[in-house]
Structures are given as C-alpha cells and as structure tokens.
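*Asks:* protein-v5.cif is reproduced below (mmCIF, C-alpha atoms).
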data_upload
#
loop_
_atom_site.label_atom_id
_atom_site.label_comp_id
_atom_site.auth_asym_id
_atom_site.auth_seq_id
_atom_site.Cartn_x
_atom_site.Cartn_y
_atom_site.Cartn_z
CA MET A 1 214.04 244.34 64.68
CA LYS A 2 211.48 247.02 64.00
CA VAL A 3 208.67 246.45 61.50
CA THR A 4 205.61 248.47 60.62
CA VAL A 5 202.22 246.79 60.55
CA GLN A 6 199.19 248.28 58.78
CA TYR A 7 195.70 247.15 59.68
CA PHE A 8 192.56 247.07 57.55
CA ALA A 9 188.92 246.16 58.00
CA LEU A 10 188.24 243.66 60.81
CA LEU A 11 191.87 243.67 61.98
CA ARG A 12 191.91 247.48 62.08
CA GLU A 13 188.83 247.45 64.27
CA GLN A 14 190.14 244.72 66.57
CA ARG A 15 193.52 246.41 66.92
CA GLY A 16 191.96 249.87 67.26
CA LEU A 17 194.48 251.57 65.01
CA THR A 18 195.54 251.62 61.36
CA GLN A 19 199.30 251.37 61.74
CA GLU A 20 202.00 250.74 64.31
CA THR A 21 205.73 250.22 64.37
CA LEU A 22 206.84 247.53 66.74
CA GLU A 23 209.81 245.48 67.89
CA THR A 24 209.62 241.78 67.11
CA THR A 25 211.77 238.71 66.80
CA ALA A 26 209.23 236.97 64.53
CA PRO A 27 211.14 235.66 61.50
CA THR A 28 208.07 235.38 59.22
CA PRO A 29 204.64 236.97 58.66
CA ALA A 30 203.05 233.80 60.07
CA ALA A 31 205.03 234.09 63.31
CA LEU A 32 204.32 237.81 63.57
CA TYR A 33 200.60 237.24 63.06
CA GLU A 34 200.50 234.64 65.83
CA GLU A 35 202.32 237.03 68.14
CA LEU A 36 199.87 239.86 67.39
CA ARG A 37 196.84 237.59 67.46
CA ALA A 38 197.73 236.41 70.96
CA ARG A 39 198.34 239.99 72.11
CA HIS A 40 195.22 241.58 70.60
CA ALA A 41 192.76 238.67 70.49
CA PHE A 42 192.28 238.78 66.73
CA THR A 43 189.46 236.42 65.87
CA LEU A 44 190.72 235.35 62.43
CA PRO A 45 192.90 232.25 62.50
CA ALA A 46 196.24 232.50 60.71
CA ASP A 47 195.12 230.30 57.84
CA ARG A 48 192.47 232.83 56.81
CA VAL A 49 194.85 235.78 56.67
CA ARG A 50 197.26 236.49 53.82
CA ALA A 51 200.34 238.62 54.17
CA ALA A 52 201.80 241.44 52.12
CA ILE A 53 205.29 242.80 52.63
CA ASN A 54 206.18 246.24 51.29
CA GLY A 55 203.09 246.38 49.12
CA GLU A 56 203.28 242.92 47.51
CA PHE A 57 201.66 239.63 48.44
CA ALA A 58 204.13 237.44 50.31
CA ALA A 59 204.23 233.87 51.55
CA ALA A 60 203.39 233.35 55.21
CA THR A 61 206.86 231.83 55.53
CA ALA A 62 208.74 234.66 53.79
CA ALA A 63 211.66 236.20 55.69
CA LEU A 64 210.86 239.41 57.56
CA ARG A 65 213.56 242.05 57.59
CA ALA A 66 214.05 245.15 59.70
CA GLY A 67 212.11 248.08 58.30
CA ASP A 68 209.53 245.99 56.43
CA THR A 69 205.93 247.13 56.25
CA VAL A 70 203.61 244.19 56.78
CA VAL A 71 199.90 244.03 56.03
CA PHE A 72 197.72 241.14 57.16
CA ILE A 73 194.89 240.70 54.68
CA PRO A 74 191.58 239.38 55.99
CA PRO A 75 189.41 237.40 53.54
CA VAL A 76 188.59 239.80 50.72
CA ALA A 77 185.02 240.71 49.83
CA GLY A 78 184.90 243.17 46.98
CA GLY A 79 181.97 243.90 44.67
CA MET B 1 142.14 235.53 -3.75
CA LYS B 2 143.78 238.82 -2.87
CA VAL B 3 146.65 238.96 -0.40
CA THR B 4 148.99 241.76 0.62
CA VAL B 5 152.73 241.18 0.61
CA GLN B 6 155.19 243.38 2.49
CA TYR B 7 158.86 243.40 1.56
CA PHE B 8 161.91 244.13 3.68
CA ALA B 9 165.64 244.39 3.18
CA LEU B 10 167.00 242.39 0.23
CA LEU B 11 163.53 241.38 -0.95
CA ARG B 12 162.34 245.00 -0.82
CA GLU B 13 165.26 246.04 -2.98
CA GLN B 14 164.82 243.19 -5.44
CA ARG B 15 161.07 243.82 -5.71
CA GLY B 16 161.52 247.59 -5.83
CA LEU B 17 158.64 248.33 -3.49
CA THR B 18 157.65 247.85 0.14
CA GLN B 19 154.14 246.48 -0.27
CA GLU B 20 151.71 245.23 -2.90
CA THR B 21 148.30 243.61 -2.99
CA LEU B 22 148.03 240.87 -5.55
CA GLU B 23 145.80 238.11 -6.81
CA THR B 24 147.09 234.59 -6.27
CA THR B 25 145.95 230.98 -6.16
CA ALA B 26 148.94 229.96 -4.01
CA PRO B 27 147.56 227.96 -1.08
CA THR B 28 150.60 228.47 1.19
CA PRO B 29 153.39 230.96 1.85
CA ALA B 30 155.83 228.51 0.26
CA ALA B 31 153.82 228.40 -2.97
CA LEU B 32 153.38 232.17 -2.98
CA TYR B 33 157.11 232.71 -2.48
CA GLU B 34 157.96 230.43 -5.41
CA GLU B 35 155.46 232.32 -7.58
CA LEU B 36 156.97 235.69 -6.62
CA ARG B 37 160.53 234.44 -6.83
CA ALA B 38 159.99 233.28 -10.41
CA ARG B 39 158.33 236.57 -11.33
CA HIS B 40 160.85 238.93 -9.68
CA ALA B 41 164.06 236.88 -9.76
CA PHE B 42 164.52 236.90 -5.99
CA THR B 43 167.96 235.45 -5.27
CA LEU B 44 167.11 233.86 -1.91
CA PRO B 45 165.96 230.24 -2.20
CA ALA B 46 162.72 229.36 -0.42
CA ASP B 47 164.48 227.42 2.31
CA ARG B 48 166.28 230.56 3.51
CA VAL B 49 163.11 232.63 3.85
CA ARG B 50 160.64 232.43 6.72
CA ALA B 51 157.04 233.55 6.46
CA ALA B 52 154.85 235.67 8.67
CA ILE B 53 151.09 235.94 8.23
CA ASN B 54 149.23 238.86 9.77
CA GLY B 55 152.16 239.79 11.97
CA GLU B 56 153.02 236.34 13.33
CA PHE B 57 155.53 233.75 12.21
CA ALA B 58 153.81 231.05 10.19
CA ALA B 59 154.79 227.69 8.74
CA ALA B 60 155.71 227.68 5.06
CA THR B 61 152.85 225.22 4.64
CA ALA B 62 150.22 227.24 6.54
CA ALA B 63 146.96 227.95 4.72
CA LEU B 64 146.74 231.37 3.08
CA ARG B 65 143.38 233.09 3.22
CA ALA B 66 141.95 236.00 1.30
CA GLY B 67 142.92 239.28 2.89
CA ASP B 68 146.03 237.95 4.61
CA THR B 69 149.12 240.10 4.89
CA VAL B 70 152.22 238.03 4.19
CA VAL B 71 155.83 238.95 4.95
CA PHE B 72 158.76 236.93 3.67
CA ILE B 73 161.62 237.18 6.13
CA PRO B 74 165.17 237.01 4.75
CA PRO B 75 167.87 235.63 7.07
CA VAL B 76 167.95 237.97 10.04
CA ALA B 77 171.10 239.85 11.04
CA GLY B 78 170.47 242.05 14.01
CA GLY B 79 173.04 243.46 16.39
CA MET C 1 160.62 245.69 27.49
CA PHE C 2 161.98 245.34 23.96
CA ARG C 3 161.59 247.99 21.34
CA ILE C 4 162.73 249.00 17.89
CA SER C 5 163.97 252.57 17.91
CA THR C 6 164.71 255.13 15.23
CA ASP C 7 166.38 257.32 17.87
CA SER C 8 169.95 256.85 19.03
CA ILE C 9 170.46 254.55 21.99
CA ASP C 10 171.40 256.14 25.33
CA PRO C 11 172.84 253.42 27.60
CA ALA C 12 172.88 255.68 30.68
CA THR C 13 169.14 256.38 30.53
CA LEU C 14 168.33 252.75 29.81
CA GLU C 15 170.49 251.52 32.69
CA ALA C 16 169.04 254.09 35.08
CA ALA C 17 165.56 252.74 34.32
CA LEU C 18 166.66 249.36 35.68
CA THR C 19 167.45 250.77 39.13
CA ASP C 20 166.23 248.34 41.77
CA ALA C 21 167.14 248.27 45.47
CA ARG C 22 167.08 244.46 45.40
CA ALA C 23 169.60 244.24 42.54
CA GLY C 24 173.25 243.46 43.23
CA ALA C 25 174.29 243.04 39.60
CA CYS C 26 173.63 244.88 36.37
CA VAL C 27 175.10 243.44 33.17
CA THR C 28 174.76 245.30 29.89
CA PHE C 29 175.66 244.46 26.33
CA CYS C 30 176.01 247.15 23.70
CA GLY C 31 176.57 246.31 20.05
CA TRP C 32 178.51 249.04 18.26
CA VAL C 33 178.91 249.53 14.53
CA ARG C 34 182.52 248.59 13.89
CA ASN C 35 184.77 249.72 11.11
CA ALA C 36 185.38 246.31 9.55
CA ASN C 37 183.71 242.95 9.04
CA ASP C 38 185.45 239.80 7.83
CA GLY C 39 188.46 241.93 6.97
CA GLN C 40 186.53 244.41 4.80
CA PRO C 41 186.53 248.09 5.83
CA VAL C 42 182.97 249.17 6.65
CA LEU C 43 181.83 252.79 6.30
CA SER C 44 178.31 252.57 7.71
CA LEU C 45 175.44 250.20 8.36
CA GLU C 46 171.76 250.32 7.51
CA TYR C 47 169.38 248.53 9.83
CA GLU C 48 165.83 247.69 8.89
CA ALA C 49 163.20 245.86 10.95
CA PHE C 50 159.78 244.38 10.53
CA ALA C 51 158.93 246.33 13.64
CA PRO C 52 155.63 244.82 14.89
CA LEU C 53 156.91 241.25 14.71
CA ALA C 54 160.40 242.25 15.88
CA GLU C 55 158.91 243.77 19.02
CA LYS C 56 156.71 240.73 19.66
CA GLU C 57 159.60 238.30 19.17
CA GLY C 58 161.90 240.48 21.29
CA GLU C 59 159.35 240.48 24.11
CA ARG C 60 159.11 236.71 23.89
CA ILE C 61 162.89 236.43 24.26
CA LEU C 62 162.86 238.70 27.33
CA ALA C 63 160.05 236.61 28.82
CA GLU C 64 162.06 233.43 28.19
CA ALA C 65 165.06 234.98 29.93
CA ARG C 66 162.89 235.84 32.95
CA GLU C 67 161.74 232.22 33.09
CA LYS C 68 165.21 230.70 32.74
CA PHE C 69 167.15 233.03 35.06
CA ALA C 70 166.52 234.68 38.43
CA LEU C 71 166.18 238.23 37.10
CA LEU C 72 164.84 241.41 38.61
CA GLY C 73 164.73 243.60 35.51
CA VAL C 74 165.42 243.38 31.82
CA ALA C 75 165.27 245.73 28.85
CA ALA C 76 166.54 245.78 25.29
CA VAL C 77 166.45 248.13 22.32
CA HIS C 78 167.41 247.66 18.68
CA ARG C 79 168.14 250.67 16.56
CA VAL C 80 167.04 251.01 12.93
CA GLY C 81 168.19 253.48 10.29
CA HIS C 82 171.52 254.44 8.82
CA LEU C 83 174.22 254.18 11.48
CA GLN C 84 177.79 255.42 11.47
CA ILE C 85 180.88 253.73 12.92
CA GLY C 86 180.78 253.70 16.70
CA GLU C 87 177.02 254.15 17.00
CA ALA C 88 175.10 251.74 19.21
CA ALA C 89 172.97 249.31 17.19
CA VAL C 90 171.59 247.21 20.02
CA TRP C 91 171.55 247.39 23.81
CA VAL C 92 170.59 244.75 26.38
CA GLY C 93 170.50 245.35 30.13
CA VAL C 94 169.71 242.89 32.88
CA THR C 95 169.56 243.17 36.66
CA ALA C 96 169.58 240.37 39.22
CA ALA C 97 170.38 239.80 42.87
CA HIS C 98 173.51 237.89 41.80
CA ARG C 99 175.86 238.28 38.88
CA GLY C 100 175.72 234.73 37.49
CA ALA C 101 172.09 235.07 36.45
CA ALA C 102 172.70 238.55 35.05
CA PHE C 103 175.60 237.45 32.83
CA ASP C 104 173.83 234.32 31.63
CA ALA C 105 170.60 236.14 30.84
CA CYS C 106 172.30 239.02 29.03
CA ARG C 107 174.18 236.56 26.86
CA TYR C 108 171.05 234.52 26.21
CA ILE C 109 169.08 237.58 25.18
CA ILE C 110 171.59 238.98 22.71
CA ASP C 111 172.20 235.55 21.19
CA GLU C 112 168.47 234.99 20.70
CA LEU C 113 167.80 238.52 19.46
CA LYS C 114 170.44 238.12 16.77
CA ALA C 115 169.10 234.74 15.72
CA ARG C 116 165.36 235.35 15.81
CA VAL C 117 164.27 238.97 15.60
CA PRO C 118 163.40 240.20 12.10
CA VAL C 119 166.08 242.86 11.80
CA TRP C 120 168.41 243.10 8.83
CA LYS C 121 171.61 244.96 8.19
CA LYS C 122 173.27 246.16 5.05
CA GLU C 123 176.94 246.97 5.17
CA HIS C 124 178.35 249.79 3.10
CA TYR C 125 182.01 249.20 2.26
CA ALA C 126 184.87 251.55 1.52
CA SER C 127 184.96 250.00 -1.95
CA GLY C 128 181.52 251.46 -2.72
CA ALA C 129 179.88 248.05 -2.60
CA SER C 130 177.16 247.10 -0.13
CA ALA C 131 175.65 243.83 1.03
CA TRP C 132 172.76 242.54 3.11
CA ILE C 133 174.41 240.38 5.75
CA ASN C 134 173.52 236.65 5.76
CA CYS C 135 171.81 236.99 2.37
CA ALA C 136 174.66 235.91 0.08
CA THR C 137 173.46 233.23 -2.32
CA ARG C 138 176.54 232.53 -4.44
CA MET D 1 193.12 250.45 33.89
CA PHE D 2 191.95 249.47 37.37
CA ARG D 3 191.56 251.96 40.16
CA ILE D 4 190.21 252.34 43.64
CA SER D 5 187.94 255.38 43.85
CA THR D 6 186.50 257.43 46.67
CA ASP D 7 184.22 259.19 44.15
CA SER D 8 180.96 257.74 42.93
CA ILE D 9 181.11 255.58 39.82
CA ASP D 10 179.72 257.04 36.59
CA PRO D 11 179.14 254.17 34.13
CA ALA D 12 178.40 256.51 31.20
CA THR D 13 181.76 258.28 31.45
CA LEU D 14 183.62 255.03 31.93
CA GLU D 15 181.90 253.38 28.97
CA ALA D 16 182.50 256.43 26.75
CA ALA D 17 186.23 256.12 27.46
CA LEU D 18 186.17 252.66 25.88
CA THR D 19 184.97 254.00 22.51
CA ASP D 20 186.83 252.22 19.72
CA ALA D 21 185.94 252.11 16.02
CA ARG D 22 187.14 248.50 15.85
CA ALA D 23 184.82 247.36 18.67
CA GLY D 24 181.57 245.56 17.91
CA ALA D 25 180.75 244.62 21.49
CA CYS D 26 180.86 246.36 24.83
CA VAL D 27 179.91 244.35 27.92
CA THR D 28 179.71 246.00 31.31
CA PHE D 29 179.14 244.71 34.81
CA CYS D 30 178.04 247.01 37.59
CA GLY D 31 177.77 245.80 41.17
CA TRP D 32 175.12 247.70 43.12
CA VAL D 33 174.64 247.81 46.87
CA ARG D 34 171.49 245.78 47.40
CA ASN D 35 169.02 246.02 50.23
CA ALA D 36 169.46 242.49 51.55
CA ASN D 37 172.05 239.75 51.88
CA ASP D 38 171.35 236.16 52.87
CA GLY D 39 167.86 237.26 53.81
CA GLN D 40 168.96 240.03 56.17
CA PRO D 41 167.85 243.62 55.37
CA VAL D 42 170.93 245.75 54.67
CA LEU D 43 170.94 249.52 55.25
CA SER D 44 174.34 250.44 53.86
CA LEU D 45 177.80 249.09 53.11
CA GLU D 46 181.28 250.25 54.00
CA TYR D 47 184.06 249.40 51.59
CA GLU D 48 187.71 249.61 52.52
CA ALA D 49 190.76 248.78 50.38
CA PHE D 50 194.49 248.36 50.75
CA ALA D 51 194.67 250.68 47.77
CA PRO D 52 198.25 250.31 46.47
CA LEU D 53 198.11 246.51 46.42
CA ALA D 54 194.47 246.50 45.25
CA GLU D 55 195.40 248.59 42.22
CA LYS D 56 198.40 246.41 41.44
CA GLU D 57 196.38 243.21 41.73
CA GLY D 58 193.51 244.72 39.73
CA GLU D 59 195.93 245.68 36.93
CA ARG D 60 197.29 242.14 36.94
CA ILE D 61 193.76 240.77 36.49
CA LEU D 62 193.07 243.11 33.58
CA ALA D 63 196.37 242.07 31.97
CA GLU D 64 195.41 238.40 32.39
CA ALA D 65 192.06 239.09 30.70
CA ARG D 66 193.84 240.74 27.78
CA GLU D 67 196.02 237.66 27.42
CA LYS D 68 193.19 235.16 27.64
CA PHE D 69 190.61 236.93 25.45
CA ALA D 70 190.67 238.92 22.21
CA LEU D 71 189.95 242.31 23.77
CA LEU D 72 190.26 245.84 22.46
CA GLY D 73 189.72 247.76 25.69
CA VAL D 74 189.17 247.10 29.35
CA ALA D 75 188.64 249.19 32.47
CA ALA D 76 187.46 248.63 36.02
CA VAL D 77 186.87 250.69 39.14
CA HIS D 78 186.13 249.73 42.72
CA ARG D 79 184.56 252.24 45.02
CA VAL D 80 185.53 252.66 48.67
CA GLY D 81 183.72 254.51 51.44
CA HIS D 82 180.27 254.32 52.96
CA LEU D 83 177.74 253.43 50.24
CA GLN D 84 173.98 253.55 50.30
CA ILE D 85 171.52 251.11 48.71
CA GLY D 86 171.58 251.36 44.92
CA GLU D 87 175.04 252.92 44.70
CA ALA D 88 177.57 251.34 42.37
CA ALA D 89 180.35 249.55 44.26
CA VAL D 90 182.27 248.13 41.32
CA TRP D 91 182.22 248.56 37.54
CA VAL D 92 183.89 246.52 34.83
CA GLY D 93 183.75 247.35 31.12
CA VAL D 94 185.22 245.42 28.23
CA THR D 95 185.24 245.97 24.46
CA ALA D 96 186.04 243.47 21.73
CA ALA D 97 185.41 242.92 18.06
CA HIS D 98 183.02 240.10 18.97
CA ARG D 99 180.69 239.58 21.89
CA GLY D 100 181.89 236.16 23.04
CA ALA D 101 185.26 237.49 24.14
CA ALA D 102 183.65 240.53 25.75
CA PHE D 103 181.24 238.47 27.86
CA ASP D 104 183.87 235.94 28.88
CA ALA D 105 186.41 238.60 29.81
CA CYS D 106 183.95 240.71 31.79
CA ARG D 107 182.92 237.66 33.78
CA TYR D 108 186.52 236.61 34.34
CA ILE D 109 187.50 240.05 35.57
CA ILE D 110 184.71 240.48 38.11
CA ASP D 111 185.16 236.92 39.41
CA GLU D 112 188.89 237.47 39.90
CA LEU D 113 188.48 240.97 41.36
CA LYS D 114 186.11 239.63 43.99
CA ALA D 115 188.41 236.74 44.84
CA ARG D 116 191.80 238.44 44.84
CA VAL D 117 191.75 242.20 45.29
CA PRO D 118 192.25 243.41 48.87
CA VAL D 119 188.89 245.11 49.31
CA TRP D 120 186.62 244.45 52.25
CA LYS D 121 183.02 245.23 52.97
CA LYS D 122 181.10 245.68 56.17
CA GLU D 123 177.36 245.36 56.06
CA HIS D 124 175.18 247.49 58.30
CA TYR D 125 171.88 245.81 59.06
CA ALA D 126 168.45 247.12 59.90
CA SER D 127 168.85 245.39 63.28
CA GLY D 128 171.71 247.76 64.17
CA ALA D 129 174.30 245.01 63.85
CA SER D 130 177.13 245.07 61.36
CA ALA D 131 179.56 242.48 60.01
CA TRP D 132 182.68 242.25 57.89
CA ILE D 133 181.74 239.86 55.08
CA ASN D 134 183.70 236.60 54.86
CA CYS D 135 185.27 237.22 58.27
CA ALA D 136 182.93 235.15 60.42
CA THR D 137 185.00 232.78 62.53
CA ARG D 138 182.51 230.29 63.75
#
Mind turning the file's structure into structure tokens?
*Replies:*
Amino acid sequence: MKVTVQYFALLREQRGLTQETLETTAPTPAALYEELRARHAFTLPADRVRAAINGEFAAATAALRAGDTVVFIPPVAGG
Amino acid sequence: MKVTVQYFALLREQRGLTQETLETTAPTPAALYEELRARHAFTLPADRVRAAINGEFAAATAALRAGDTVVFIPPVAGG
Amino acid sequence: MFRISTDSIDPATLEAALTDARAGACVTFCGWVRNANDGQPVLSLEYEAFAPLAEKEGERILAEAREKFALLGVAAVHRVGHLQIGEAAVWVGVTAAHRGAAFDACRYIIDELKARVPVWKKEHYASGASAWINCATR
Amino acid sequence: MFRISTDSIDPATLEAALTDARAGACVTFCGWVRNANDGQPVLSLEYEAFAPLAEKEGERILAEAREKFALLGVAAVHRVGHLQIGEAAVWVGVTAAHRGAAFDACRYIIDELKARVPVWKKEHYASGASAWINCATR
C-alpha cells in the first residue's frame, strides 16, 4: 500500500526531505519506522519516536491503511 | 514628651487627620495606641495594629522617645 | 526594585526592563481590580500606602526572593490612588535561567507583599457602602 | 486559544486580550531564548513544529487547565522559526479571580506544553556546532 510520511526536525534532516509517498507492507507505524530507520540510518531508536496518523497521535501498534499520512515525532523540546 | 503620630487608612478616617504632634507620657507604642484609641474611639483593637517608629517596624513594647514619629499600621491589604 | 506608584502600571515597560540574555524564563503576576469581592459587586478601589516603609519592606521581600531562588532579575510595583475595575493594582516580574525558580519567586513575592507591605485598600460597593479590607471588627 | 506563530510574540497585546472585569489575577510565563544551555554558549535557536497536531494538543492542554483550575481566561502561543537571543519563544497567560489558580494553571500549561506539544528546537552554538535538543542518542 501507499502511505505518505512527513518528516520534522532531526528526522527531516536525516532523511533530507520533508515528505514522501512510498510503498510499504509495514502493518504498523512501529514496523514502518524500523523499515525507514534501516534504509536512512535514522539515529533515534524506535522507542524514542512517537507516531501520528492523519494528524492525531497514534499507538506504535495501530493499523496502517493505504493513503494514511504518518508523522514520526522525535522527542519534543518546546519552550 | 512630644511625639508625632501619622495616620493611614481606617485610622486616618477615624481620627479625621493625617498627622498630629501631641504630648504623651506613654512609654511604648502599645500604651500610646490605647491612649489614642480611648480618646478617638478607634475600632481596631491593639492586637490588630502594628507600630512603626521613625519609618521602621517596631515592637509594641519598644521605648518611645521624645521627637519620635509613630505610625500605627492597620491590617495590610495590598494587591 | 520595589516602588509605590501613583501612576498607572504599564506591564510591557516593566517587563522590557527585565530583559537579560541569560534569562530563559520570565514570570509576571498582575493584580487587577475586579468587579466583585466575596459576592459583593465592587465599583472601585482606593489604595493607600505608608510609602517610605512600604518601599523598604518591599525591597526586603525582593532581596529575600533573590536569596531563596536562583533569579536574574526582579521588580515589583504597587499602585496607590483611586482605581477603577480592570486597572492594575500590583505587578511583580521575575526572570531566571529556568522557569521553576521564576514561578516560585513570583509567587513568594506577591504572597509576602500582600501580607507585609503597609498598603491598604478600601472597596466601594454598588450599594454605596465602602469598607477598608481586613479591618472589620464586628 | 493556543497557536503556533511565525510572527514575533507581543506579550502586551496577548495580555490585553485577557482583560476581564471579573479577574483579580493575571499570571504570565514567557520563555526567552537564552545565551547558554548546559554551560555551552548559544548563538540562536531554530524552532520547528508539526503545526496542526501542535495546535490540537495545545488546545487540549488549555482545556485541561480550565477543568483543573478556576480560570477565567487562558491563552498561549509558541513561536517557530529562527530566533535570536532574547526573543520570546513561548508565552502563556492565565486570568482568574484569585492568584492561586492563576499560578497553578500557568505552571501546569507550560509544563505540559513542553512535554507534549510537537515542537522541536535546534541550538546553534558559538563553536559552530548545532544540535536538536533531546535527540542525542548516546
């Protein structure tokens, strides 16, 4: 299935782009992150990254569906 | 001895003036307050009034000296 | 610096004076004249101070806050005169490297100012009555 | 109301918008870009947000504060972009009848914003290095 991934902050820099649409068989955000981390050498381990699907926080084990927009959220640091 | 008394807030209103110089034999602020309270029917009991002598807080039992300026401080209510 | 002021309080100017490149946090408290107290509608408030002692005691409170908390800057002003609803009666501003110290110090200062500084307020009520706060003797 | 802003933060305008005749207390927190962090000289900071989710999560935090504390008004803004030393990165303002609720709510909001809202900052150091805060992996 096709999903769109948006990148912010450290992940945006390590990926070198802000958004991509890609083909994956990953059933969950956790699986998709591991796939992308292996491909792009992201330094953040999966347990330090939260996921959002279609603009809302989602569990790492939530079901991904075709057409979803996924954001991986590095540790936040506002203020 | 002569001392000067300044009045603020409720005491100013009940005395009807902001300052007076008067002759007293009261040895302490506490004694002076009781003297003035009897004379002017101040409603605040002595234990709710603090004293200042010459611009600094003073104990109710401090020694009054000729020429002192005494302020009786009603319960404060700033802010 | 603590002062008693007959002029209206301008939070923006006061906060700007606390500018400090080392500061990561600025916490301010502003006390506004509100339109009711203990359920009674209030029309206006009169504030009166024994200014010389109020300023000394206020400075002592700011010095205590500097000793207790890791502050960079601190300032406070108390207004006197006849104030209308919505006007600022008191302002406290504190800067620190980190926000914990700034919150704690700002709270400490306003609590101590209200308890210790010789300032009095008289509330004027919609009923026409008025009362010096904390001076009831019933 | 919580928003992510690319424009500079103006505390005076934000505080004026909280004007309320019922309010006796206004507490504000402003987070300033400071010139050092963990002992390292900082030259500037870049802030980036996942804005739609940041605004949703920020609104949730303000709603929680309204539920937990007796508030009259509440507003917060987080800046994004490249900020210089002394610029305001985040502002929180709270009004209440009484100061206890205002202090507690302001503290709650900034603590939760920092912990939960998808905003990131990258520090640029005098050494020429830079780092995304909280993203160290060793």
*Asks:* Rounded to one decimal, what separation in Å do you get between atom CA of C:Val117 and atom CA of C:Glu64?
*Replies:* 13.9 Å
*Asks:* Taking the file as shown, find all residues satisfying the PyMOL selection byres ((chain B) within 7 of (chain C)) and write them as a ChimeraX atom specification.
*Replies:* /B:9-10,43-44,55-56,73,75-79
*Asks:* Could you check the closest approach to D:Leu71 for each of D:Ala102, D:Leu45, D:Ala16, D:Leu83 and tell me which residue wins, using all atoms listed in the file?
*Replies:*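 Looking only at the distances to D:Leu71, the closest residue turns out to be D:Ala102.
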*Asks:* I want to know what sits within 8 Å of B:Leu22, based on only C-alpha atoms, with residues of the same chain fewer than 5 positions away left out; could you give that as a list in words?
*Replies:*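 The filter keeps Lys2, Val3, Thr4 and Val5 of chain B.
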*Asks:* To test your reading of the syntax: which residues would the PyMOL selection byres ((chain C) within 6 of (chain D)) return for the file shown? Reply as a VMD selection string.
*Replies:* chain C and resid 12 21 to 35 86
*Asks:* Those residues with C-alpha atoms, as a PDB file, in the frame of the given file please?
*Replies:*
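Wrote it out as part-v6.pdb, contents follow:
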ATOM      1  CA  ALA C  12     172.880 255.680  30.680  1.00  0.00           C
ATOM      2  CA  ALA C  21     167.140 248.270  45.470  1.00  0.00           C
ATOM      3  CA  ARG C  22     167.080 244.460  45.400  1.00  0.00           C
ATOM      4  CA  ALA C  23     169.600 244.240  42.540  1.00  0.00           C
ATOM      5  CA  GLY C  24     173.250 243.460  43.230  1.00  0.00           C
ATOM      6  CA  ALA C  25     174.290 243.040  39.600  1.00  0.00           C
ATOM      7  CA  CYS C  26     173.630 244.880  36.370  1.00  0.00           C
ATOM      8  CA  VAL C  27     175.100 243.440  33.170  1.00  0.00           C
ATOM      9  CA  THR C  28     174.760 245.300  29.890  1.00  0.00           C
ATOM     10  CA  PHE C  29     175.660 244.460  26.330  1.00  0.00           C
ATOM     11  CA  CYS C  30     176.010 247.150  23.700  1.00  0.00           C
ATOM     12  CA  GLY C  31     176.570 246.310  20.050  1.00  0.00           C
ATOM     13  CA  TRP C  32     178.510 249.040  18.260  1.00  0.00           C
ATOM     14  CA  VAL C  33     178.910 249.530  14.530  1.00  0.00           C
ATOM     15  CA  ARG C  34     182.520 248.590  13.890  1.00  0.00           C
ATOM     16  CA  ASN C  35     184.770 249.720  11.110  1.00  0.00           C
ATOM     17  CA  GLY C  86     180.780 253.700  16.700  1.00  0.00           C
TER      18      GLY C  86
END
*Asks:* Any chance you could resolve the PyMOL selection byres ((chain B and resi 63) around 10) against this file and give the residues as a PyMOL selection string?
*Replies:* chain B and resi 26-30+53+58-62+64-65
*Asks:* So how far away is atom CA of D:Arg60 from atom CA of D:Gly73, in Å?
*Replies:*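 Rounded to one decimal, the two atoms are 14.7 Å apart.
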*Asks:* Extract, using only C-alpha atoms, all DNA, RNA and protein residues at most 12 Å from A:Ala41, discarding same-chain residues fewer than 6 positions from it, and format them as a PyMOL selection string.
*Replies:* chain A and resi 10-11+13-16+33-35
*Asks:* To one decimal in Å, tell me the separation between atom CA of C:Ala126 and atom CA of C:Ser44.
*Replies:*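 Spanning atom CA of C:Ala126 to atom CA of C:Ser44 is a straight-line distance of 9.1 Å.
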*Asks:* Kindly list the centre and edge lengths in Å, rounded to one decimal, for the axis-aligned box that covers all listed atoms of stretch 100-119 of chain D plus 6 Å on each of its six sides, as lines of an AutoDock Vina configuration file.
*Replies:*
center_x = 186.7
center_y = 240.5
center_z = 36.2
size_x = 23.0
size_y = 21.2
size_z = 38.3
*Asks:* Can you sort out stretch 124-136 of chain D so it carries N, CA and C atoms, written as a compact mmCIF listing (two decimals), keeping the file's coordinate frame?
*Replies:*
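Produced file out24.txt, reproduced below:
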# COMPACT_ATOMS: atom_id res chain seq x y z
N HIS D 124 175.94 246.94 57.17
CA HIS D 124 175.18 247.49 58.30
C HIS D 124 173.73 247.05 58.13
N TYR D 125 173.22 246.39 59.15
CA TYR D 125 171.88 245.81 59.06
C TYR D 125 170.82 246.67 59.73
N ALA D 126 169.59 246.42 59.31
CA ALA D 126 168.45 247.12 59.90
C ALA D 126 168.39 246.88 61.41
N SER D 127 168.89 245.73 61.85
CA SER D 127 168.85 245.39 63.28
C SER D 127 169.81 246.24 64.11
N GLY D 128 170.69 247.00 63.43
CA GLY D 128 171.71 247.76 64.17
C GLY D 128 173.04 247.05 64.18
N ALA D 129 173.05 245.76 63.89
CA ALA D 129 174.30 245.01 63.85
C ALA D 129 175.07 245.34 62.59
N SER D 130 176.34 244.94 62.57
CA SER D 130 177.13 245.07 61.36
C SER D 130 178.11 243.90 61.33
N ALA D 131 178.64 243.62 60.13
CA ALA D 131 179.56 242.48 60.01
C ALA D 131 180.48 242.67 58.81
N TRP D 132 181.75 242.33 59.01
CA TRP D 132 182.68 242.25 57.89
C TRP D 132 182.42 240.95 57.15
N ILE D 133 182.13 241.04 55.87
CA ILE D 133 181.74 239.86 55.08
C ILE D 133 182.95 238.94 54.90
N ASN D 134 182.68 237.66 55.00
CA ASN D 134 183.70 236.60 54.86
C ASN D 134 184.63 236.49 56.06
N CYS D 135 184.37 237.24 57.12
CA CYS D 135 185.27 237.22 58.27
C CYS D 135 184.67 236.53 59.49
N ALA D 136 183.51 235.90 59.32
CA ALA D 136 182.93 235.15 60.42
C ALA D 136 183.91 234.05 60.81
